[in-house]
>>> print(open('target_23.tsv').read())   # TSV, C-alpha atoms
chain	number	residue	atom	x	y	z
A	1410	MET	CA	84.04	91.41	136.49
A	1411	ARG	CA	85.24	89.56	133.39
A	1412	ASP	CA	82.81	87.80	131.09
A	1413	ALA	CA	83.17	85.54	128.04
A	1414	VAL	CA	81.60	86.63	124.76
A	1415	ILE	CA	81.40	85.02	121.34
A	1416	VAL	CA	82.62	87.51	118.78
A	1417	ASP	CA	81.97	85.29	115.77
A	1418	ALA	CA	81.30	81.68	114.85
A	1419	VAL	CA	82.01	79.99	111.55
A	1420	ARG	CA	81.74	76.48	110.17
A	1421	THR	CA	82.35	74.45	107.07
A	1422	PRO	CA	79.39	73.06	105.21
A	1423	VAL	CA	78.88	69.52	106.51
A	1424	GLY	CA	79.85	66.74	104.12
A	1425	LYS	CA	78.40	63.26	103.82
A	1426	ARG	CA	80.52	60.18	104.47
A	1427	GLY	CA	82.59	59.72	101.33
A	1428	GLY	CA	81.28	63.05	100.06
A	1429	SER	CA	82.70	66.45	99.17
A	1430	LEU	CA	85.01	66.82	102.20
A	1431	SER	CA	86.29	63.24	102.23
A	1432	GLY	CA	89.41	64.24	100.33
A	1433	VAL	CA	90.39	66.90	102.89
A	1434	HIS	CA	92.77	65.97	105.71
A	1435	PRO	CA	91.06	66.65	109.08
A	1436	VAL	CA	93.86	68.99	110.15
A	1437	ASP	CA	93.43	71.03	106.97
A	1438	LEU	CA	89.67	71.05	107.49
A	1439	SER	CA	90.16	72.51	110.96
A	1440	ALA	CA	92.73	74.99	109.66
A	1441	HIS	CA	90.18	76.21	107.12
A	1442	VAL	CA	87.78	77.52	109.76
A	1443	LEU	CA	90.63	79.04	111.77
A	1444	GLY	CA	91.69	81.00	108.72
A	1445	ALA	CA	88.13	82.06	107.95
A	1446	LEU	CA	87.56	83.21	111.54
A	1447	ALA	CA	90.72	85.35	111.49
A	1448	GLU	CA	89.95	86.85	108.08
A	1449	ARG	CA	86.33	87.68	108.89
A	1450	ASN	CA	87.25	89.55	112.07
A	1451	GLY	CA	90.63	91.08	111.34
A	1452	LEU	CA	92.05	88.83	114.07
A	1453	ASP	CA	95.80	88.94	114.58
A	1454	PRO	CA	96.47	85.22	115.26
A	1455	SER	CA	99.49	86.08	117.40
A	1456	THR	CA	97.09	87.46	120.05
A	1457	VAL	CA	95.33	84.10	120.50
A	1458	ASP	CA	96.25	82.52	123.83
A	1459	ASP	CA	95.03	79.03	122.90
A	1460	VAL	CA	93.08	77.03	120.34
A	1461	VAL	CA	90.90	74.53	122.22
A	1462	TRP	CA	89.79	71.89	119.74
A	1463	GLY	CA	87.35	69.00	120.00
A	1464	CYS	CA	88.11	65.71	118.27
A	1465	VAL	CA	86.68	62.31	119.16
A	1466	SER	CA	88.50	59.63	117.16
A	1467	GLN	CA	92.06	60.59	118.01
A	1468	VAL	CA	93.81	57.99	115.88
A	1469	GLY	CA	95.44	57.92	112.45
A	1470	GLU	CA	95.18	61.33	110.79
A	1471	GLN	CA	93.57	62.66	113.98
A	1472	SER	CA	96.04	61.02	116.37
A	1473	GLY	CA	98.13	64.10	117.02
A	1474	VAL	CA	97.09	67.26	118.81
A	1475	VAL	CA	94.70	68.40	116.09
A	1476	GLY	CA	94.27	71.84	117.62
A	1477	ARG	CA	98.00	72.49	117.44
A	1478	PHE	CA	98.50	71.08	113.96
A	1479	ALA	CA	95.50	73.10	112.73
A	1480	VAL	CA	97.25	76.25	113.96
A	1481	LEU	CA	100.34	75.36	111.95
A	1482	ALA	CA	98.31	74.33	108.89
A	1483	ALA	CA	96.49	77.67	109.01
A	1484	GLY	CA	99.83	79.48	108.82
A	1485	TRP	CA	99.40	81.04	112.24
A	1486	PRO	CA	102.51	81.90	114.29
A	1487	GLU	CA	104.31	79.01	115.96
A	1488	SER	CA	103.81	80.84	119.25
A	1489	VAL	CA	100.08	79.99	119.23
A	1490	PRO	CA	99.39	76.73	121.10
A	1491	GLY	CA	96.54	74.30	120.58
A	1492	VAL	CA	95.03	71.39	122.45
A	1493	SER	CA	92.69	68.50	121.61
A	1494	VAL	CA	89.66	67.82	123.81
A	1495	SER	CA	87.53	64.69	123.94
A	1496	ARG	CA	84.20	64.51	125.71
A	1497	ALA	CA	82.69	62.22	123.11
A	1498	CYS	CA	80.05	63.93	120.96
A	1499	GLY	CA	80.17	67.06	123.13
A	1500	SER	CA	83.89	67.61	122.61
A	1501	SER	CA	83.71	70.97	120.88
A	1502	GLN	CA	80.92	72.24	123.13
A	1503	GLN	CA	83.26	71.35	126.00
A	1504	SER	CA	85.99	73.27	124.17
A	1505	VAL	CA	83.79	76.36	124.39
A	1506	HIS	CA	83.23	75.73	128.10
A	1507	PHE	CA	86.97	75.42	128.74
A	1508	ALA	CA	87.85	78.50	126.69
A	1509	ALA	CA	85.08	80.62	128.22
A	1510	GLY	CA	86.01	79.57	131.76
A	1511	LEU	CA	89.67	80.46	131.27
A	1512	VAL	CA	88.76	83.80	129.68
A	1513	ILE	CA	86.53	84.63	132.66
A	1514	ALA	CA	89.29	83.53	135.06
A	1515	GLY	CA	91.76	85.87	133.39
A	1516	GLN	CA	94.11	83.14	132.21
A	1517	TYR	CA	93.20	83.77	128.56
A	1518	ASP	CA	92.38	87.08	126.91
A	1519	ILE	CA	91.55	85.77	123.44
A	1520	ALA	CA	90.82	82.13	122.63
A	1521	VAL	CA	89.44	80.10	119.76
A	1522	ALA	CA	87.25	77.13	120.60
A	1523	GLY	CA	85.84	74.59	118.20
A	1524	GLY	CA	86.44	71.20	116.73
A	1525	GLY	CA	86.35	69.00	113.71
A	1526	GLU	CA	86.05	65.43	112.58
A	1527	SER	CA	86.57	63.56	109.31
A	1528	MET	CA	84.48	60.44	109.74
A	1529	SER	CA	85.18	59.52	106.12
A	1530	ARG	CA	88.92	59.33	106.70
A	1531	VAL	CA	88.90	58.25	110.37
A	1532	PRO	CA	85.81	56.06	110.81
A	1533	MET	CA	83.96	55.91	114.11
A	1534	GLY	CA	85.50	53.22	116.31
A	1535	SER	CA	88.93	53.48	114.67
A	1536	ALA	CA	90.70	54.13	117.96
A	1537	ARG	CA	89.26	50.99	119.52
A	1538	ASP	CA	89.93	48.87	116.46
A	1539	ALA	CA	93.50	50.13	116.11
A	1540	ALA	CA	94.34	49.32	119.72
A	1541	GLY	CA	93.15	45.74	119.45
A	1542	CYS	CA	93.94	45.18	123.10
A	1543	GLY	CA	90.68	44.76	124.93
A	1544	LYS	CA	87.39	46.50	125.61
A	1545	PRO	CA	87.35	50.18	126.57
A	1546	PHE	CA	85.20	49.97	129.68
A	1547	GLY	CA	86.83	47.21	131.66
A	1548	PRO	CA	85.17	44.38	133.58
A	1549	LEU	CA	84.09	46.46	136.58
A	1550	VAL	CA	82.04	48.90	134.51
A	1551	ARG	CA	80.50	46.09	132.51
A	1552	ALA	CA	79.66	44.19	135.70
A	1553	ARG	CA	78.04	47.26	137.24
A	1554	TYR	CA	75.64	47.61	134.32
A	1555	HIS	CA	75.17	43.88	133.65
A	1556	ARG	CA	75.89	44.12	129.97
A	1557	ASP	CA	75.88	40.79	128.16
A	1558	ARG	CA	76.66	42.07	124.66
A	1559	GLU	CA	80.20	41.87	123.38
A	1560	GLY	CA	82.08	45.09	122.84
A	1561	GLU	CA	81.09	48.49	124.13
A	1562	PHE	CA	77.75	49.89	125.21
A	1563	ASP	CA	75.71	50.24	122.05
A	1564	GLN	CA	74.21	53.70	121.63
A	1565	GLY	CA	71.73	52.42	119.06
A	1566	VAL	CA	70.44	49.82	121.51
A	1567	GLY	CA	70.20	52.61	124.09
A	1568	ALA	CA	68.12	54.65	121.64
A	1569	GLU	CA	65.78	51.68	121.19
A	1570	LEU	CA	65.40	51.45	124.98
A	1571	ILE	CA	64.56	55.16	125.16
A	1572	ALA	CA	61.94	54.82	122.43
A	1573	GLU	CA	60.38	51.93	124.35
A	1574	ARG	CA	60.47	53.80	127.67
A	1575	TYR	CA	58.69	56.83	126.22
A	1576	GLY	CA	56.20	54.84	124.16
A	1577	LEU	CA	57.42	56.29	120.87
A	1578	SER	CA	56.31	54.79	117.57
A	1579	ARG	CA	58.27	54.27	114.37
A	1580	THR	CA	56.00	56.80	112.69
A	1581	GLN	CA	56.80	59.43	115.32
A	1582	LEU	CA	60.54	58.86	114.91
A	1583	ASP	CA	60.38	58.98	111.13
A	1584	GLN	CA	58.18	62.08	111.12
A	1585	HIS	CA	60.68	63.79	113.41
A	1586	ALA	CA	63.41	62.97	110.88
A	1587	LEU	CA	61.32	64.31	108.01
A	1588	ASP	CA	60.74	67.52	109.97
A	1589	SER	CA	64.49	67.90	110.53
A	1590	HIS	CA	65.22	67.57	106.81
A	1591	ALA	CA	62.39	69.96	105.90
A	1592	ARG	CA	63.64	72.59	108.34
A	1593	ALA	CA	67.23	72.29	107.10
A	1594	ALA	CA	66.12	72.47	103.47
A	1595	ARG	CA	64.10	75.60	104.23
A	1596	ALA	CA	67.08	77.16	106.02
A	1597	ILE	CA	69.28	76.48	103.00
A	1598	ASP	CA	66.74	77.84	100.55
A	1599	GLU	CA	66.25	81.01	102.60
A	1600	GLY	CA	70.00	81.59	102.98
A	1601	ARG	CA	70.00	81.28	106.76
A	1602	PHE	CA	73.32	79.40	106.78
A	1603	THR	CA	75.17	81.67	104.35
A	1604	ALA	CA	76.71	83.97	106.97
A	1605	GLN	CA	77.97	81.12	109.11
A	1606	ILE	CA	79.52	78.93	106.41
A	1607	ALA	CA	83.08	79.26	105.13
A	1608	PRO	CA	82.98	77.56	101.71
A	1609	VAL	CA	85.70	75.00	101.01
A	1610	THR	CA	87.40	74.58	97.65
A	1611	VAL	CA	87.61	70.84	97.00
A	1612	THR	CA	89.25	68.84	94.24
A	1613	PRO	CA	87.47	65.55	93.48
A	1614	GLU	CA	89.19	62.63	91.79
A	1615	ASP	CA	88.42	64.06	88.37
A	1616	GLY	CA	90.73	66.97	89.21
A	1617	ALA	CA	88.12	69.68	88.59
A	1618	SER	CA	88.16	72.01	91.59
A	1619	ARG	CA	84.85	73.37	92.82
A	1620	VAL	CA	83.52	75.37	95.75
A	1621	PHE	CA	81.59	73.33	98.32
A	1622	ASP	CA	79.25	75.64	100.24
A	1623	THR	CA	76.06	73.74	101.14
A	1624	ASP	CA	75.38	70.97	103.68
A	1625	GLU	CA	75.00	67.89	101.52
A	1626	GLY	CA	73.22	65.45	103.84
A	1627	VAL	CA	69.84	67.17	103.58
A	1628	ARG	CA	67.29	65.00	101.77
A	1629	ARG	CA	64.29	66.47	100.01
A	1630	GLY	CA	61.09	64.75	99.10
A	1631	SER	CA	61.32	61.72	101.36
A	1632	THR	CA	58.15	60.23	102.84
A	1633	LEU	CA	57.04	58.19	105.80
A	1634	ASP	CA	56.49	55.24	103.49
A	1635	ARG	CA	60.08	55.37	102.24
A	1636	LEU	CA	61.56	55.74	105.71
A	1637	ALA	CA	59.45	52.83	106.95
A	1638	THR	CA	61.28	50.48	104.56
A	1639	LEU	CA	64.66	51.06	106.22
A	1640	LYS	CA	66.06	48.29	108.41
A	1641	THR	CA	66.44	48.64	112.18
A	1642	PRO	CA	70.00	47.41	112.77
A	1643	PHE	CA	70.02	47.71	116.55
A	1644	LYS	CA	66.98	45.54	117.21
A	1645	GLU	CA	65.02	43.13	115.06
A	1646	ASN	CA	61.69	44.76	114.20
A	1647	GLY	CA	62.85	47.77	116.18
A	1648	LEU	CA	62.26	51.48	115.72
A	1649	VAL	CA	65.65	53.14	115.14
A	1650	SER	CA	66.94	53.19	111.57
A	1651	ALA	CA	69.52	55.08	109.56
A	1652	GLY	CA	66.72	57.40	108.49
A	1653	ASN	CA	65.89	58.58	112.00
A	1654	SER	CA	69.47	58.72	113.27
A	1655	SER	CA	72.24	61.28	112.87
A	1656	GLN	CA	74.38	61.06	109.76
A	1657	ILE	CA	78.05	60.10	109.60
A	1658	SER	CA	79.72	63.29	108.45
A	1659	ASP	CA	82.79	65.46	107.94
A	1660	GLY	CA	83.04	69.06	109.15
A	1661	ALA	CA	84.58	71.66	111.44
A	1662	ALA	CA	83.54	74.84	113.25
A	1663	ALA	CA	85.25	77.56	115.29
A	1664	LEU	CA	84.23	80.36	117.67
A	1665	LEU	CA	86.21	83.45	118.70
A	1666	ILE	CA	85.92	84.05	122.46
A	1667	THR	CA	87.15	86.97	124.55
A	1668	THR	CA	85.82	89.48	127.10
A	1669	SER	CA	83.45	92.37	126.41
A	1670	ASP	CA	86.18	94.87	127.25
A	1671	ILE	CA	88.76	93.29	124.96
A	1672	ALA	CA	86.21	92.96	122.18
A	1673	ARG	CA	85.43	96.67	122.49
A	1674	ALA	CA	89.13	97.55	122.37
A	1675	GLN	CA	89.53	95.43	119.24
A	1676	GLY	CA	86.53	97.04	117.57
A	1677	TRP	CA	84.54	93.79	117.58
A	1678	GLN	CA	80.79	93.57	118.13
A	1679	PRO	CA	80.15	90.28	119.95
A	1680	ILE	CA	77.11	88.17	119.09
A	1681	ALA	CA	76.42	86.55	122.45
A	1682	ARG	CA	77.64	86.02	125.99
A	1683	VAL	CA	78.34	82.57	127.42
A	1684	HIS	CA	75.81	82.95	130.24
A	1685	THR	CA	75.90	79.48	131.84
A	1686	ALA	CA	77.84	76.29	131.15
A	1687	VAL	CA	77.11	73.03	132.96
A	1688	LEU	CA	77.55	69.27	132.78
A	1689	ALA	CA	75.41	66.35	133.85
A	1690	GLY	CA	75.83	62.60	134.10
A	1691	CYS	CA	73.37	59.76	133.60
A	1692	ASP	CA	73.11	56.01	133.00
A	1693	PRO	CA	75.69	55.10	130.31
A	1694	VAL	CA	73.36	52.53	128.73
A	1695	THR	CA	70.63	55.06	127.91
A	1696	MET	CA	73.28	57.76	127.68
A	1697	ALA	CA	71.28	59.80	125.20
A	1698	LEU	CA	68.95	60.95	128.01
A	1699	GLY	CA	71.75	63.17	129.35
A	1700	PRO	CA	70.41	66.43	127.84
A	1701	ILE	CA	67.34	66.18	130.09
A	1702	PRO	CA	69.12	66.63	133.46
A	1703	ALA	CA	71.69	68.94	131.82
A	1704	THR	CA	68.92	71.27	130.63
A	1705	ALA	CA	67.31	71.35	134.07
A	1706	LYS	CA	70.67	72.08	135.69
A	1707	ALA	CA	71.51	74.85	133.22
A	1708	LEU	CA	68.18	76.60	133.69
A	1709	LYS	CA	68.44	76.41	137.47
A	1710	ARG	CA	71.97	77.76	137.54
A	1711	ALA	CA	71.09	80.48	135.05
A	1712	GLY	CA	68.04	81.53	137.08
A	1713	LEU	CA	65.85	81.15	133.99
A	1714	SER	CA	62.70	79.24	133.13
A	1715	LEU	CA	62.04	77.17	130.03
A	1716	GLY	CA	59.83	79.98	128.74
A	1717	ASP	CA	62.78	82.39	128.77
A	1718	ILE	CA	64.56	80.37	126.08
A	1719	GLY	CA	63.76	81.36	122.51
A	1720	ALA	CA	65.70	78.63	120.70
A	1721	PHE	CA	67.03	75.19	121.61
A	1722	GLU	CA	69.75	73.22	119.86
A	1723	VAL	CA	69.70	69.64	121.13
A	1724	ASN	CA	71.80	67.21	119.13
A	1725	GLU	CA	69.71	64.74	117.15
A	1726	ALA	CA	71.94	61.73	117.73
A	1727	PHE	CA	68.82	59.61	117.32
A	1728	ALA	CA	65.20	60.70	117.00
A	1729	PRO	CA	64.30	59.24	120.44
A	1730	VAL	CA	66.84	61.60	122.06
A	1731	THR	CA	65.09	64.82	121.12
A	1732	LEU	CA	61.57	63.40	121.37
A	1733	ALA	CA	62.27	62.18	124.93
A	1734	TRP	CA	63.81	65.58	125.73
A	1735	LEU	CA	60.67	67.29	124.46
A	1736	ALA	CA	58.44	64.98	126.52
A	1737	GLU	CA	60.39	65.69	129.72
A	1738	THR	CA	60.91	69.43	129.31
A	1739	GLY	CA	57.63	70.41	127.68
A	1740	ALA	CA	59.50	72.71	125.30
A	1741	GLU	CA	57.77	73.97	122.19
A	1742	TYR	CA	58.56	71.75	119.20
A	1743	ALA	CA	58.95	74.70	116.84
A	1744	LEU	CA	61.78	76.10	118.98
A	1745	LEU	CA	63.81	72.88	118.88
A	1746	ASN	CA	66.46	72.78	116.15
A	1747	PRO	CA	64.52	75.31	114.05
A	1748	ASN	CA	67.03	75.04	111.20
A	1749	GLY	CA	67.22	71.26	111.23
A	1750	GLY	CA	69.44	68.99	113.27
A	1751	ALA	CA	71.97	66.21	112.94
A	1752	MET	CA	69.53	63.83	111.26
A	1753	ALA	CA	69.53	66.24	108.31
A	1754	ILE	CA	72.70	68.32	108.54
A	1755	GLY	CA	74.97	65.60	109.92
A	1756	HIS	CA	77.03	64.80	112.99
A	1757	PRO	CA	80.81	65.19	112.55
A	1758	LEU	CA	81.45	64.00	116.13
A	1759	GLY	CA	84.21	66.31	117.43
A	1760	GLY	CA	82.89	69.27	115.45
A	1761	SER	CA	79.21	68.93	116.25
A	1762	GLY	CA	79.08	70.95	119.47
A	1763	ALA	CA	80.72	73.92	117.75
A	1764	ARG	CA	78.52	73.44	114.67
A	1765	LEU	CA	75.37	73.55	116.78
A	1766	MET	CA	76.59	76.62	118.65
A	1767	THR	CA	77.54	78.38	115.43
A	1768	THR	CA	74.05	77.76	114.07
A	1769	LEU	CA	72.48	78.81	117.38
A	1770	VAL	CA	74.27	82.16	117.78
A	1771	HIS	CA	73.56	83.17	114.19
A	1772	HIS	CA	69.91	82.19	114.60
A	1773	MET	CA	69.68	84.21	117.81
A	1774	ARG	CA	71.18	87.28	116.15
A	1775	ASP	CA	69.07	86.97	113.01
A	1776	ASN	CA	65.85	86.70	115.01
A	1777	GLY	CA	66.56	88.89	118.05
A	1778	ILE	CA	66.35	85.96	120.49
A	1779	ARG	CA	67.70	86.90	123.92
A	1780	TYR	CA	68.42	83.42	125.32
A	1781	GLY	CA	69.35	80.20	123.56
A	1782	LEU	CA	70.15	76.80	125.07
A	1783	GLN	CA	72.25	73.99	123.62
A	1784	ALA	CA	72.63	70.43	124.91
A	1785	MET	CA	74.51	67.37	123.67
A	1786	CYS	CA	74.29	63.74	124.74
A	1787	GLU	CA	77.65	62.02	125.10
A	1788	ALA	CA	78.96	58.47	125.23
A	1789	GLY	CA	79.50	57.19	128.74
A	1790	GLY	CA	76.37	58.90	130.02
A	1791	MET	CA	77.15	62.64	130.08
A	1792	ALA	CA	75.84	65.87	128.59
A	1793	ASN	CA	76.93	69.47	128.19
A	1794	ALA	CA	74.41	72.28	128.33
A	1795	THR	CA	75.09	75.92	127.54
A	1796	VAL	CA	72.91	79.02	127.87
A	1797	LEU	CA	73.83	81.89	125.57
A	1798	GLU	CA	72.63	85.47	125.91
A	1799	LEU	CA	72.32	87.72	122.87
A	1800	LEU	CA	74.26	90.97	122.96
>>> encode(input="target_23.tsv", output="structure tokens")
Amino acid sequence: MRDAVIVDAVRTPVGKRGGSLSGVHPVDLSAHVLGALAERNGLDPSTVDDVVWGCVSQVGEQSGVVGRFAVLAAGWPESVPGVSVSRACGSSQQSVHFAAGLVIAGQYDIAVAGGGESMSRVPMGSARDAAGCGKPFGPLVRARYHRDREGEFDQGVGAELIAERYGLSRTQLDQHALDSHARAARAIDEGRFTAQIAPVTVTPEDGASRVFDTDEGVRRGSTLDRLATLKTPFKENGLVSAGNSSQISDGAAALLITTSDIARAQGWQPIARVHTAVLAGCDPVTMALGPIPATAKALKRAGLSLGDIGAFEVNEAFAPVTLAWLAETGAEYALLNPNGGAMAIGHPLGGSGARLMTTLVHHMRDNGIRYGLQAMCEAGGMANATVLELL
């Protein structure tokens, strides 16, 4: 019986909006991790059956098939195809699901899954703004959910509703953000990210090239008092601020996926097996609650209990997302995003699922953790969840 294993996972450092990666074309950013993945593993690119690539804002510099253009930008053979996938914030986690499923089915032998996003160069909402021809959901969807606000469902408003539903305080949200930054800072200081990051040589406007190798959104030394001064843009006197939300970021990540048998023949030692991959749907207004049913579904299908999981990566789109997930699952706080999450590291939309999984598999290997679980909330009321098993 065929399986799907992750041989290696690599990512760029995550850049802030307008930061170190803002001068890099998103296709070139994606090509960078493809090249690093091949070099690290002695991969012959001509053996890759497909590059499955997540990208959310598919407009402007990301309007083409980014997966395909990344292949060409990386100098890989023209015979290697690529495809772009969009499942909102979970796009590159979905890319892993697609690649793993096709490897198990025997349609692919070797695949690369991942994704990338340059939110500096292609701002969030660019696709909608460029179209200029109406709202994305249509009148029937809006009527079903009785939305009175103009435009699309507002994820920030949804996060405020979640905070209210779970009785969360501003202090709890801000403390959660501080914890995320502290964990990420500790991971950087202890070198936990070194093996997973492919440094990028960047050339700022002053023309002096330098090597960018460290996530630059991590803030040190902030306090509850400072965070409490930030405005709450989604609701007057609300709870959700820029300080307890994910950061707008640039970045890319890639994973090499094949079967155990093929890995052995290639001389590769895989890190983990894709044990279980599921999806769940939920109310699109409070869409960020999706990881809760997705986690339950993944555990049930995997035949595992919460206590079997040694590490959780749940995307910190907003602090209420992960705090509500904790309240519903009863998971141990220390096991959730142990190296920091999107509030600290950043959230480069189409690349985030692969970034989280890259961080997760390296953390599992470094700490001998048998099972890890990842979940992502997604616009429209969906979530991916993946259980990985250490090899």
>>> closest_residue(input="target_23.tsv", among="A:Val1723, A:Ala1596, A:Ala1740, A:Met1791", to="Cys1691 (chain A)", atoms="only C-alpha atoms")
A:Met1791
>>> residues_near_point(input="target_23.tsv", point="(61.2, 54.4, 104.6)", cutoff="12 Å", atoms="all atoms listed in the file", output="ChimeraX atom specification")
/A:1579-1580,1582-1584,1586-1587,1630-1641,1648-1653
>>> residues_around(input="target_23.tsv", residues="Gly1789 (chain A)", least_positions_apart="5", cutoff="9 Å", atoms="all atoms listed in the file", output="MDAnalysis selection string")
chainID A and resid 1497 1562 1690:1694 1696
>>> atom_distance(input="target_23.tsv", atom1="CA of Leu1511 (chain A)", atom2="CA of Ala1413 (chain A)")
8.9 Å
>>> atom_distance(input="target_23.tsv", atom1="CA of Val1770 (chain A)", atom2="CA of Ala1681 (chain A)")
6.8 Å
>>> closest_residue(input="target_23.tsv", among="A:Gly1762, A:Pro1545, A:Gly1444, A:Gly1576", to="Ala1784 (chain A)", atoms="only C-alpha atoms")
A:Gly1762
>>> residues_around(input="target_23.tsv", residues="Ser1669 (chain A)", least_positions_apart="3", cutoff="10 Å", atoms="only C-alpha atoms", output="PyMOL selection string")
chain A and resi 1411-1416+1666+1672-1675+1677-1679+1681-1682+1800
>>> residues_around(input="target_23.tsv", residues="Gly1600 (chain A)", least_positions_apart="5", cutoff="12 Å", atoms="only C-alpha atoms", output="JSON, numbers by chain")
{"A": [1593, 1594, 1595, 1605, 1606, 1622, 1623, 1624, 1748, 1771, 1772, 1775]}
>>> residues_around(input="target_23.tsv", residues="region 1683-1686 of chain A", least_positions_apart="3", cutoff="8 Å", atoms="only C-alpha atoms", output="ChimeraX atom specification")
/A:1412-1415,1506,1509,1707,1710-1711,1793-1798
>>> build_atoms(input="target_23.tsv", residues="region 1709-1721 of chain A", atoms="N, CA and C atoms", output="PDB file, in the coordinates of the input")
ATOM      1  N   LYS A1709      68.391  76.068 136.051  1.00  0.00           N
ATOM      2  CA  LYS A1709      68.440  76.410 137.470  1.00  0.00           C
ATOM      3  C   LYS A1709      69.620  77.310 137.782  1.00  0.00           C
ATOM      4  N   ARG A1710      70.775  76.951 137.258  1.00  0.00           N
ATOM      5  CA  ARG A1710      71.970  77.760 137.540  1.00  0.00           C
ATOM      6  C   ARG A1710      71.873  79.131 136.890  1.00  0.00           C
ATOM      7  N   ALA A1711      71.225  79.207 135.740  1.00  0.00           N
ATOM      8  CA  ALA A1711      71.090  80.480 135.050  1.00  0.00           C
ATOM      9  C   ALA A1711      70.011  81.368 135.672  1.00  0.00           C
ATOM     10  N   GLY A1712      69.142  80.774 136.518  1.00  0.00           N
ATOM     11  CA  GLY A1712      68.040  81.530 137.080  1.00  0.00           C
ATOM     12  C   GLY A1712      66.973  81.848 136.052  1.00  0.00           C
ATOM     13  N   LEU A1713      66.813  80.949 135.066  1.00  0.00           N
ATOM     14  CA  LEU A1713      65.850  81.150 133.990  1.00  0.00           C
ATOM     15  C   LEU A1713      64.826  80.027 133.983  1.00  0.00           C
ATOM     16  N   SER A1714      63.711  80.273 133.329  1.00  0.00           N
ATOM     17  CA  SER A1714      62.700  79.240 133.130  1.00  0.00           C
ATOM     18  C   SER A1714      62.742  78.790 131.680  1.00  0.00           C
ATOM     19  N   LEU A1715      62.086  77.681 131.406  1.00  0.00           N
ATOM     20  CA  LEU A1715      62.040  77.170 130.030  1.00  0.00           C
ATOM     21  C   LEU A1715      61.455  78.221 129.094  1.00  0.00           C
ATOM     22  N   GLY A1716      60.472  78.970 129.575  1.00  0.00           N
ATOM     23  CA  GLY A1716      59.830  79.980 128.740  1.00  0.00           C
ATOM     24  C   GLY A1716      60.716  81.152 128.390  1.00  0.00           C
ATOM     25  N   ASP A1717      61.844  81.311 129.090  1.00  0.00           N
ATOM     26  CA  ASP A1717      62.780  82.390 128.770  1.00  0.00           C
ATOM     27  C   ASP A1717      63.618  82.077 127.534  1.00  0.00           C
ATOM     28  N   ILE A1718      63.686  80.808 127.158  1.00  0.00           N
ATOM     29  CA  ILE A1718      64.560  80.370 126.080  1.00  0.00           C
ATOM     30  C   ILE A1718      63.815  80.460 124.744  1.00  0.00           C
ATOM     31  N   GLY A1719      64.404  81.162 123.799  1.00  0.00           N
ATOM     32  CA  GLY A1719      63.760  81.360 122.510  1.00  0.00           C
ATOM     33  C   GLY A1719      64.186  80.407 121.421  1.00  0.00           C
ATOM     34  N   ALA A1720      65.240  79.622 121.677  1.00  0.00           N
ATOM     35  CA  ALA A1720      65.700  78.630 120.700  1.00  0.00           C
ATOM     36  C   ALA A1720      66.511  77.567 121.428  1.00  0.00           C
ATOM     37  N   PHE A1721      66.294  76.323 121.027  1.00  0.00           N
ATOM     38  CA  PHE A1721      67.030  75.190 121.610  1.00  0.00           C
ATOM     39  C   PHE A1721      67.759  74.457 120.487  1.00  0.00           C
TER      40      PHE A1721
END
